[in-house]
Amino acid sequence: MYKFLKIFYEFIILNIGCILLSVGTSIFLLPNKISNGGFSGIATIIYYLYDIQMSASIILLNIPFFILAYKKIGKRFIIKSLYATIVYSYMIDYINDFIVSNSNNISFEFDLFISSIYGGILVGLGCAFVYKVNGSTGGTDLIVHLINSYTNRFKVSECVIVIDFLVVLLNIICFKEIEIGLYSWITIFIVGKIIDVVFEGINFCKIVFIISDSFKEISDSILDNLNRGATSIYAKGLYLNKEKEIIMCIVKRSDVIKIKNLSKKIDKNSFIVVTDAREVYGLGFK
């Protein structure tokens, strides 16, 4: 029963992701020739140049890579990805046909800026939902998985950027409009950021490192004024060859300025380093 419910849940999430993806593509991106990279970007070009439906292009472009991926990548991933690709592809056509048939009653015309923003948000949310259950909609995701199954020499981010760059470049060459290419990059950027927000949240924490001879007073002040704990790290300064204690404190973004002020008030020469903590688990956090 648990296994059945898990599979049912995953396919519900896949369907939600496909709906968001297809709505973002059909309503905002496709009418303005904006590309979000991958095979959907290539399918957009084919749609305008040869009047071939998006579903046919996306599925045909994906078939060779699904065949190659079947032996290299898990069967479960392939099944979910194939399902998502088919649903996403045909929903684009369905929504696009609906828009065309109701264009006299409802206006679906948006300028490039609004389309790139809202299209990116919806596509990003859709991708995040699909990724949440370890699936994909083919295209760039599938290619990157295949590359990683053969070699680890290339970073995932590098592969995605190169593929998306080539697709957007093809978009500019075919449509002869640099403006569309620039808006396509805005969309791709937003898609990436939305995926990050869904997976990592918006409440990023900060790690603050404080190096000071008054480390005891500073750590006590942090505890008393911010009700935050701190960790002491023993270290040795190579420049002066002197042993020191480093205060490490994980805080919310809003507390960073308070810690800076507390540290400088006690020791104006204190050395402070602030960096991002994407996820924090434990007492007082997740």
# chains A, B, ... in the order shown; residues from 1 in each chain; ligands from 1

$ select_by_dssp --residues "stretch 25-262 of chain A" --states "alpha helix (DSSP H)" --output "PyMOL selection string"
chain A and resi 38-50+54-72+75-101+112-132+140-150+156-175+178-200+215-226+256-262

$ closest_residue --among "A:Met1, A:Gly138, A:Ile222, A:Leu238" --to "A:Asn261" --atoms "only C-alpha atoms"
A:Ile222

$ residues_around --residues "stretch 165-168 of chain A" --least-positions-apart "5" --cutoff "8 Å" --atoms "only C-alpha atoms" --output "VMD selection string"
chain A and resid 35 37 to 38 41 to 42 181 184 to 185

$ closest_residue --among "A:Phe215, A:Phe209, A:Ile250, A:Thr137" --to "A:Gly229" --atoms "only C-alpha atoms"
A:Ile250

$ closest_residue --among "A:Ile186, A:Leu240, A:Cys159, A:Ile266" --to "A:Ile210" --atoms "only C-alpha atoms"
A:Ile266

$ closest_atom_pairs --of "stretch 91-162 of chain A" --to "stretch 20-28 of chain A" --cutoff "10 Å" --atoms "only C-alpha atoms" --output "JSON lines"
{"residue": "A:Met91", "atom": "CA", "partner": "A:Ser22", "partner_atom": "CA", "distance": 5.9}
{"residue": "A:Ile92", "atom": "CA", "partner": "A:Ser22", "partner_atom": "CA", "distance": 4.8}
{"residue": "A:Asp93", "atom": "CA", "partner": "A:Ser26", "partner_atom": "CA", "distance": 7.7}
{"residue": "A:Tyr94", "atom": "CA", "partner": "A:Ser26", "partner_atom": "CA", "distance": 9.0}
{"residue": "A:Ile95", "atom": "CA", "partner": "A:Ser26", "partner_atom": "CA", "distance": 6.2}
{"residue": "A:Asn96", "atom": "CA", "partner": "A:Ser26", "partner_atom": "CA", "distance": 5.5}
{"residue": "A:Asp97", "atom": "CA", "partner": "A:Ser26", "partner_atom": "CA", "distance": 9.3}
{"residue": "A:Phe98", "atom": "CA", "partner": "A:Ser26", "partner_atom": "CA", "distance": 9.8}
{"residue": "A:Ile99", "atom": "CA", "partner": "A:Ile27", "partner_atom": "CA", "distance": 7.8}
{"residue": "A:Phe108", "atom": "CA", "partner": "A:Ile27", "partner_atom": "CA", "distance": 6.8}
{"residue": "A:Glu109", "atom": "CA", "partner": "A:Phe28", "partner_atom": "CA", "distance": 8.3}
{"residue": "A:Phe110", "atom": "CA", "partner": "A:Phe28", "partner_atom": "CA", "distance": 7.2}
{"residue": "A:Asp111", "atom": "CA", "partner": "A:Phe28", "partner_atom": "CA", "distance": 9.0}
{"residue": "A:Leu112", "atom": "CA", "partner": "A:Phe28", "partner_atom": "CA", "distance": 8.5}
{"residue": "A:Phe113", "atom": "CA", "partner": "A:Phe28", "partner_atom": "CA", "distance": 9.9}
{"residue": "A:Ile114", "atom": "CA", "partner": "A:Phe28", "partner_atom": "CA", "distance": 8.1}
{"residue": "A:Ser115", "atom": "CA", "partner": "A:Phe28", "partner_atom": "CA", "distance": 4.6}
{"residue": "A:Ser116", "atom": "CA", "partner": "A:Phe28", "partner_atom": "CA", "distance": 7.0}
{"residue": "A:Ile117", "atom": "CA", "partner": "A:Phe28", "partner_atom": "CA", "distance": 8.8}
{"residue": "A:Tyr118", "atom": "CA", "partner": "A:Phe28", "partner_atom": "CA", "distance": 7.0}
{"residue": "A:Gly119", "atom": "CA", "partner": "A:Gly24", "partner_atom": "CA", "distance": 4.5}
{"residue": "A:Gly120", "atom": "CA", "partner": "A:Gly24", "partner_atom": "CA", "distance": 7.2}
{"residue": "A:Ile121", "atom": "CA", "partner": "A:Gly24", "partner_atom": "CA", "distance": 7.7}
{"residue": "A:Leu122", "atom": "CA", "partner": "A:Gly24", "partner_atom": "CA", "distance": 5.0}
{"residue": "A:Val123", "atom": "CA", "partner": "A:Leu21", "partner_atom": "CA", "distance": 4.5}
{"residue": "A:Gly124", "atom": "CA", "partner": "A:Leu21", "partner_atom": "CA", "distance": 7.7}
{"residue": "A:Leu125", "atom": "CA", "partner": "A:Leu20", "partner_atom": "CA", "distance": 6.8}
{"residue": "A:Gly126", "atom": "CA", "partner": "A:Leu21", "partner_atom": "CA", "distance": 4.8}
{"residue": "A:Cys127", "atom": "CA", "partner": "A:Leu21", "partner_atom": "CA", "distance": 7.0}
{"residue": "A:Ala128", "atom": "CA", "partner": "A:Leu21", "partner_atom": "CA", "distance": 9.9}
{"residue": "A:Phe129", "atom": "CA", "partner": "A:Leu20", "partner_atom": "CA", "distance": 9.0}
{"residue": "A:Val130", "atom": "CA", "partner": "A:Leu21", "partner_atom": "CA", "distance": 9.6}
{"residue": "A:Thr137", "atom": "CA", "partner": "A:Leu21", "partner_atom": "CA", "distance": 9.5}

$ write_last_selection --atoms "N, CA and C atoms" --output "short mmCIF file (atom, residue, chain, number, x, y, z; two decimals), in the first residue's frame"
data_model
loop_
_atom_site.label_atom_id
_atom_site.label_comp_id
_atom_site.auth_asym_id
_atom_site.auth_seq_id
_atom_site.Cartn_x
_atom_site.Cartn_y
_atom_site.Cartn_z
N MET A 91 0.11 18.54 -23.85
CA MET A 91 -0.62 19.62 -23.17
C MET A 91 -0.28 20.98 -23.78
N ILE A 92 0.95 21.13 -24.28
CA ILE A 92 1.32 22.37 -24.97
C ILE A 92 0.41 22.57 -26.17
N ASP A 93 0.26 21.51 -26.97
CA ASP A 93 -0.60 21.61 -28.16
C ASP A 93 -2.06 21.88 -27.77
N TYR A 94 -2.52 21.21 -26.72
CA TYR A 94 -3.92 21.37 -26.30
C TYR A 94 -4.18 22.82 -25.86
N ILE A 95 -3.30 23.36 -25.04
CA ILE A 95 -3.47 24.73 -24.55
C ILE A 95 -3.30 25.72 -25.69
N ASN A 96 -2.37 25.45 -26.59
CA ASN A 96 -2.14 26.33 -27.73
C ASN A 96 -3.37 26.37 -28.64
N ASP A 97 -3.97 25.21 -28.88
CA ASP A 97 -5.20 25.15 -29.69
C ASP A 97 -6.35 25.89 -29.00
N PHE A 98 -6.42 25.76 -27.68
CA PHE A 98 -7.45 26.46 -26.91
C PHE A 98 -7.29 27.97 -27.04
N ILE A 99 -6.04 28.45 -26.97
CA ILE A 99 -5.76 29.88 -27.09
C ILE A 99 -6.17 30.40 -28.47
N PHE A 108 -4.70 36.86 -25.18
CA PHE A 108 -3.54 36.20 -24.57
C PHE A 108 -2.24 36.85 -25.05
N GLU A 109 -2.34 38.11 -25.44
CA GLU A 109 -1.15 38.80 -25.95
C GLU A 109 -0.45 39.55 -24.82
N PHE A 110 0.84 39.25 -24.62
CA PHE A 110 1.64 39.90 -23.60
C PHE A 110 2.95 40.36 -24.23
N ASP A 111 3.51 41.44 -23.69
CA ASP A 111 4.78 41.91 -24.25
C ASP A 111 5.90 40.96 -23.85
N LEU A 112 7.07 41.15 -24.47
CA LEU A 112 8.18 40.23 -24.28
C LEU A 112 8.66 40.17 -22.84
N PHE A 113 8.68 41.33 -22.17
CA PHE A 113 9.20 41.36 -20.80
C PHE A 113 8.32 40.55 -19.86
N ILE A 114 7.01 40.82 -19.90
CA ILE A 114 6.07 40.10 -19.04
C ILE A 114 6.10 38.60 -19.36
N SER A 115 6.16 38.28 -20.65
CA SER A 115 6.17 36.88 -21.07
C SER A 115 7.41 36.16 -20.57
N SER A 116 8.57 36.81 -20.66
CA SER A 116 9.81 36.17 -20.21
C SER A 116 9.80 35.95 -18.70
N ILE A 117 9.23 36.89 -17.95
CA ILE A 117 9.18 36.79 -16.48
C ILE A 117 8.21 35.70 -16.05
N TYR A 118 6.94 35.81 -16.46
CA TYR A 118 5.94 34.86 -16.01
C TYR A 118 6.13 33.47 -16.64
N GLY A 119 6.60 33.45 -17.87
CA GLY A 119 6.92 32.17 -18.49
C GLY A 119 8.03 31.46 -17.73
N GLY A 120 9.06 32.22 -17.35
CA GLY A 120 10.17 31.65 -16.58
C GLY A 120 9.72 31.13 -15.23
N ILE A 121 8.84 31.88 -14.56
CA ILE A 121 8.35 31.46 -13.23
C ILE A 121 7.57 30.15 -13.33
N LEU A 122 6.64 30.08 -14.28
CA LEU A 122 5.83 28.88 -14.42
C LEU A 122 6.65 27.68 -14.87
N VAL A 123 7.54 27.89 -15.83
CA VAL A 123 8.39 26.79 -16.30
C VAL A 123 9.33 26.33 -15.18
N GLY A 124 9.87 27.29 -14.42
CA GLY A 124 10.74 26.94 -13.30
C GLY A 124 10.02 26.12 -12.25
N LEU A 125 8.78 26.54 -11.91
CA LEU A 125 7.98 25.79 -10.94
C LEU A 125 7.66 24.39 -11.47
N GLY A 126 7.33 24.32 -12.76
CA GLY A 126 7.02 23.02 -13.36
C GLY A 126 8.22 22.09 -13.33
N CYS A 127 9.38 22.60 -13.70
CA CYS A 127 10.61 21.79 -13.66
C CYS A 127 10.91 21.32 -12.24
N ALA A 128 10.74 22.22 -11.27
CA ALA A 128 11.02 21.88 -9.87
C ALA A 128 10.12 20.74 -9.39
N PHE A 129 8.84 20.78 -9.75
CA PHE A 129 7.91 19.72 -9.36
C PHE A 129 8.33 18.38 -9.97
N VAL A 130 8.73 18.43 -11.23
CA VAL A 130 9.16 17.20 -11.91
C VAL A 130 10.44 16.67 -11.28
N THR A 137 11.70 16.10 -18.15
CA THR A 137 10.89 16.20 -19.36
C THR A 137 11.76 16.03 -20.60
#

$ residues_around --residues "stretch 58-70 of chain A" --least-positions-apart "6" --cutoff "12 Å" --atoms "only C-alpha atoms" --output "PyMOL selection string"
chain A and resi 38-47+52+76-93+136-150

$ closest_atom_pairs --of "stretch 133-185 of chain A" --to "stretch 7-13 of chain A" --cutoff "10 Å" --atoms "only C-alpha atoms" --output "JSON lines"
{"residue": "A:Val133", "atom": "CA", "partner": "A:Glu10", "partner_atom": "CA", "distance": 5.7}
{"residue": "A:Asn134", "atom": "CA", "partner": "A:Glu10", "partner_atom": "CA", "distance": 8.8}
{"residue": "A:Gly135", "atom": "CA", "partner": "A:Glu10", "partner_atom": "CA", "distance": 9.1}

$ residues_around --residues "A:Ala277" --least-positions-apart "6" --cutoff "10 Å" --atoms "only C-alpha atoms" --output "list in words"
Asn203, Phe204, Cys205, Lys206, Ile207, Val208, Ile250, Val251 and Lys252 of chain A

$ write_last_selection --atoms "C-alpha atoms" --output "PDB file, in the first residue's frame"
ATOM      1  CA  ASN A 203      15.241  31.644   4.045  1.00  0.00           C
ATOM      2  CA  PHE A 204      18.950  31.258   3.389  1.00  0.00           C
ATOM      3  CA  CYS A 205      21.100  31.480   6.491  1.00  0.00           C
ATOM      4  CA  LYS A 206      24.503  33.071   6.846  1.00  0.00           C
ATOM      5  CA  ILE A 207      27.687  31.734   8.384  1.00  0.00           C
ATOM      6  CA  VAL A 208      29.633  34.421  10.218  1.00  0.00           C
ATOM      7  CA  ILE A 250      24.993  30.564  11.908  1.00  0.00           C
ATOM      8  CA  VAL A 251      22.288  33.212  11.815  1.00  0.00           C
ATOM      9  CA  LYS A 252      19.402  34.521   9.751  1.00  0.00           C
TER      10      LYS A 252
END

$ atom_distance --atom1 "atom CA of A:Ile218" --atom2 "atom CA of A:Val273"
14.6 Å

$ atom_distance --atom1 "atom CA of A:Gly17" --atom2 "atom CA of A:Ile180"
25.3 Å

$ closest_residue --among "A:Leu226, A:Val280, A:Ala235, A:Cys18" --to "A:Ser254" --atoms "only C-alpha atoms"
A:Leu226

$ closest_residue --among "A:Ile188, A:Asn269, A:Leu223, A:Phe199" --to "A:Ile163" --atoms "only C-alpha atoms"
A:Ile188

$ closest_residue --among "A:Ile19, A:Cys174, A:Ile246, A:Val274" --to "A:Leu49" --atoms "only C-alpha atoms"
A:Cys174

$ residues_around --residues "A:Ser212" --least-positions-apart "5" --cutoff "10 Å" --atoms "only C-alpha atoms" --output "PyMOL selection string"
chain A and resi 217-218+244-247+263-264+266-272

$ write_last_selection --atoms "N, CA and C atoms" --output "tab-separated table (two decimals), in the first residue's frame"
chain	number	residue	atom	x	y	z
A	217	GLU	N	34.23	37.72	24.92
A	217	GLU	CA	33.26	38.80	25.09
A	217	GLU	C	32.27	38.85	23.92
A	218	ILE	N	32.78	38.64	22.71
A	218	ILE	CA	31.91	38.69	21.53
A	218	ILE	C	30.93	37.54	21.54
A	244	LYS	N	44.87	31.45	17.63
A	244	LYS	CA	43.66	32.25	17.83
A	244	LYS	C	42.46	31.33	17.93
A	245	GLU	N	41.37	31.90	18.38
A	245	GLU	CA	40.08	31.20	18.34
A	245	GLU	C	39.15	31.95	17.40
A	246	ILE	N	38.52	31.18	16.50
A	246	ILE	CA	37.57	31.76	15.54
A	246	ILE	C	36.16	31.46	16.02
A	247	ILE	N	35.33	32.47	16.04
A	247	ILE	CA	33.92	32.29	16.40
A	247	ILE	C	33.14	32.00	15.13
A	263	SER	N	30.27	42.93	17.27
A	263	SER	CA	31.69	42.61	17.20
A	263	SER	C	32.55	43.87	17.15
A	264	LYS	N	32.14	44.82	16.31
A	264	LYS	CA	32.92	46.05	16.17
A	264	LYS	C	32.84	46.92	17.43
A	266	ILE	N	32.78	45.77	20.50
A	266	ILE	CA	33.70	45.18	21.47
A	266	ILE	C	35.14	45.27	21.00
A	267	ASP	N	35.34	44.97	19.70
A	267	ASP	CA	36.70	45.01	19.14
A	267	ASP	C	36.62	45.59	17.73
A	268	LYS	N	37.01	46.85	17.60
A	268	LYS	CA	36.90	47.53	16.30
A	268	LYS	C	37.84	46.93	15.25
A	269	ASN	N	38.82	46.15	15.70
A	269	ASN	CA	39.76	45.51	14.77
A	269	ASN	C	39.40	44.06	14.47
A	270	SER	N	38.22	43.64	14.91
A	270	SER	CA	37.82	42.25	14.67
A	270	SER	C	37.70	41.99	13.16
A	271	PHE	N	38.09	40.78	12.77
A	271	PHE	CA	38.07	40.37	11.36
A	271	PHE	C	36.83	39.50	11.14
A	272	ILE	N	35.94	39.92	10.23
A	272	ILE	CA	34.65	39.25	10.06
A	272	ILE	C	34.49	38.75	8.62

$ atom_distance --atom1 "atom CA of A:Ile259" --atom2 "atom CA of A:Gly237"
22.5 Å

$ decode --residues "stretch 177-219 of chain A" --atoms "N, CA and C atoms" --output "compact mmCIF listing (two decimals), in the first residue's frame"
# COMPACT_ATOMS: atom_id res chain seq x y z
N GLU A 177 16.28 37.88 -34.70
CA GLU A 177 15.91 38.90 -33.71
C GLU A 177 16.73 38.70 -32.44
N ILE A 178 17.71 39.58 -32.24
CA ILE A 178 18.56 39.49 -31.06
C ILE A 178 17.76 39.71 -29.79
N GLU A 179 16.74 40.57 -29.87
CA GLU A 179 15.92 40.89 -28.71
C GLU A 179 15.28 39.63 -28.12
N ILE A 180 14.79 38.74 -28.98
CA ILE A 180 14.17 37.51 -28.52
C ILE A 180 15.19 36.64 -27.78
N GLY A 181 16.42 36.62 -28.32
CA GLY A 181 17.48 35.87 -27.66
C GLY A 181 17.79 36.40 -26.28
N LEU A 182 17.81 37.72 -26.14
CA LEU A 182 18.10 38.34 -24.84
C LEU A 182 17.00 38.04 -23.84
N TYR A 183 15.75 38.11 -24.28
CA TYR A 183 14.64 37.78 -23.39
C TYR A 183 14.64 36.28 -23.05
N SER A 184 15.12 35.47 -23.97
CA SER A 184 15.21 34.03 -23.70
C SER A 184 16.19 33.77 -22.56
N TRP A 185 17.28 34.54 -22.53
CA TRP A 185 18.25 34.37 -21.44
C TRP A 185 17.66 34.80 -20.10
N ILE A 186 16.80 35.82 -20.12
CA ILE A 186 16.11 36.23 -18.89
C ILE A 186 15.24 35.08 -18.38
N THR A 187 14.52 34.45 -19.31
CA THR A 187 13.66 33.33 -18.95
C THR A 187 14.47 32.17 -18.37
N ILE A 188 15.57 31.83 -19.02
CA ILE A 188 16.42 30.72 -18.56
C ILE A 188 16.98 31.02 -17.17
N PHE A 189 17.38 32.27 -16.94
CA PHE A 189 17.90 32.68 -15.63
C PHE A 189 16.82 32.52 -14.55
N ILE A 190 15.60 32.97 -14.85
CA ILE A 190 14.50 32.89 -13.88
C ILE A 190 14.15 31.43 -13.60
N VAL A 191 14.14 30.60 -14.64
CA VAL A 191 13.85 29.18 -14.45
C VAL A 191 14.83 28.57 -13.44
N GLY A 192 16.11 28.87 -13.60
CA GLY A 192 17.12 28.34 -12.69
C GLY A 192 16.93 28.83 -11.26
N LYS A 193 16.61 30.12 -11.12
CA LYS A 193 16.43 30.69 -9.78
C LYS A 193 15.18 30.12 -9.09
N ILE A 194 14.12 29.93 -9.85
CA ILE A 194 12.89 29.37 -9.26
C ILE A 194 13.13 27.94 -8.79
N ILE A 195 13.86 27.17 -9.57
CA ILE A 195 14.20 25.80 -9.16
C ILE A 195 15.00 25.82 -7.87
N ASP A 196 15.96 26.74 -7.76
CA ASP A 196 16.75 26.87 -6.54
C ASP A 196 15.88 27.21 -5.34
N VAL A 197 14.94 28.13 -5.54
CA VAL A 197 14.06 28.55 -4.44
C VAL A 197 13.19 27.39 -3.96
N VAL A 198 12.65 26.61 -4.90
CA VAL A 198 11.80 25.48 -4.53
C VAL A 198 12.58 24.43 -3.75
N PHE A 199 13.81 24.15 -4.19
CA PHE A 199 14.60 23.10 -3.55
C PHE A 199 15.27 23.57 -2.26
N GLU A 200 15.68 24.84 -2.22
CA GLU A 200 16.46 25.32 -1.08
C GLU A 200 15.72 26.31 -0.21
N GLY A 201 14.57 26.80 -0.66
CA GLY A 201 13.82 27.77 0.12
C GLY A 201 14.38 29.17 -0.06
N ILE A 202 13.71 30.14 0.54
CA ILE A 202 14.14 31.54 0.42
C ILE A 202 14.78 32.03 1.72
N ASN A 203 14.69 31.22 2.76
CA ASN A 203 15.24 31.64 4.04
C ASN A 203 16.68 31.16 4.20
N PHE A 204 17.55 31.63 3.30
CA PHE A 204 18.95 31.26 3.39
C PHE A 204 19.55 31.81 4.68
N CYS A 205 20.39 31.02 5.30
CA CYS A 205 21.10 31.48 6.49
C CYS A 205 22.49 31.96 6.10
N LYS A 206 23.15 32.58 7.05
CA LYS A 206 24.50 33.07 6.85
C LYS A 206 25.44 32.46 7.88
N ILE A 207 26.65 32.16 7.45
CA ILE A 207 27.69 31.73 8.38
C ILE A 207 28.61 32.92 8.61
N VAL A 208 28.78 33.29 9.86
CA VAL A 208 29.63 34.42 10.22
C VAL A 208 30.86 33.90 10.97
N PHE A 209 32.03 34.20 10.44
CA PHE A 209 33.29 33.86 11.11
C PHE A 209 33.88 35.16 11.67
N ILE A 210 34.21 35.14 12.95
CA ILE A 210 34.77 36.32 13.61
C ILE A 210 36.11 35.96 14.24
N ILE A 211 37.14 36.69 13.85
CA ILE A 211 38.48 36.48 14.43
C ILE A 211 38.81 37.70 15.27
N SER A 212 39.00 37.48 16.56
CA SER A 212 39.25 38.60 17.48
C SER A 212 39.92 38.08 18.74
N ASP A 213 40.75 38.93 19.34
CA ASP A 213 41.34 38.59 20.64
C ASP A 213 40.29 38.63 21.75
N SER A 214 39.17 39.30 21.48
CA SER A 214 38.09 39.40 22.47
C SER A 214 36.97 38.41 22.14
N PHE A 215 37.37 37.21 21.72
CA PHE A 215 36.37 36.23 21.27
C PHE A 215 35.38 35.84 22.36
N LYS A 216 35.84 35.79 23.62
CA LYS A 216 34.94 35.41 24.72
C LYS A 216 33.85 36.47 24.91
N GLU A 217 34.23 37.72 24.92
CA GLU A 217 33.26 38.80 25.09
C GLU A 217 32.27 38.85 23.92
N ILE A 218 32.78 38.64 22.71
CA ILE A 218 31.91 38.69 21.53
C ILE A 218 30.93 37.54 21.54
N SER A 219 31.41 36.32 21.82
CA SER A 219 30.51 35.16 21.84
C SER A 219 29.44 35.29 22.93
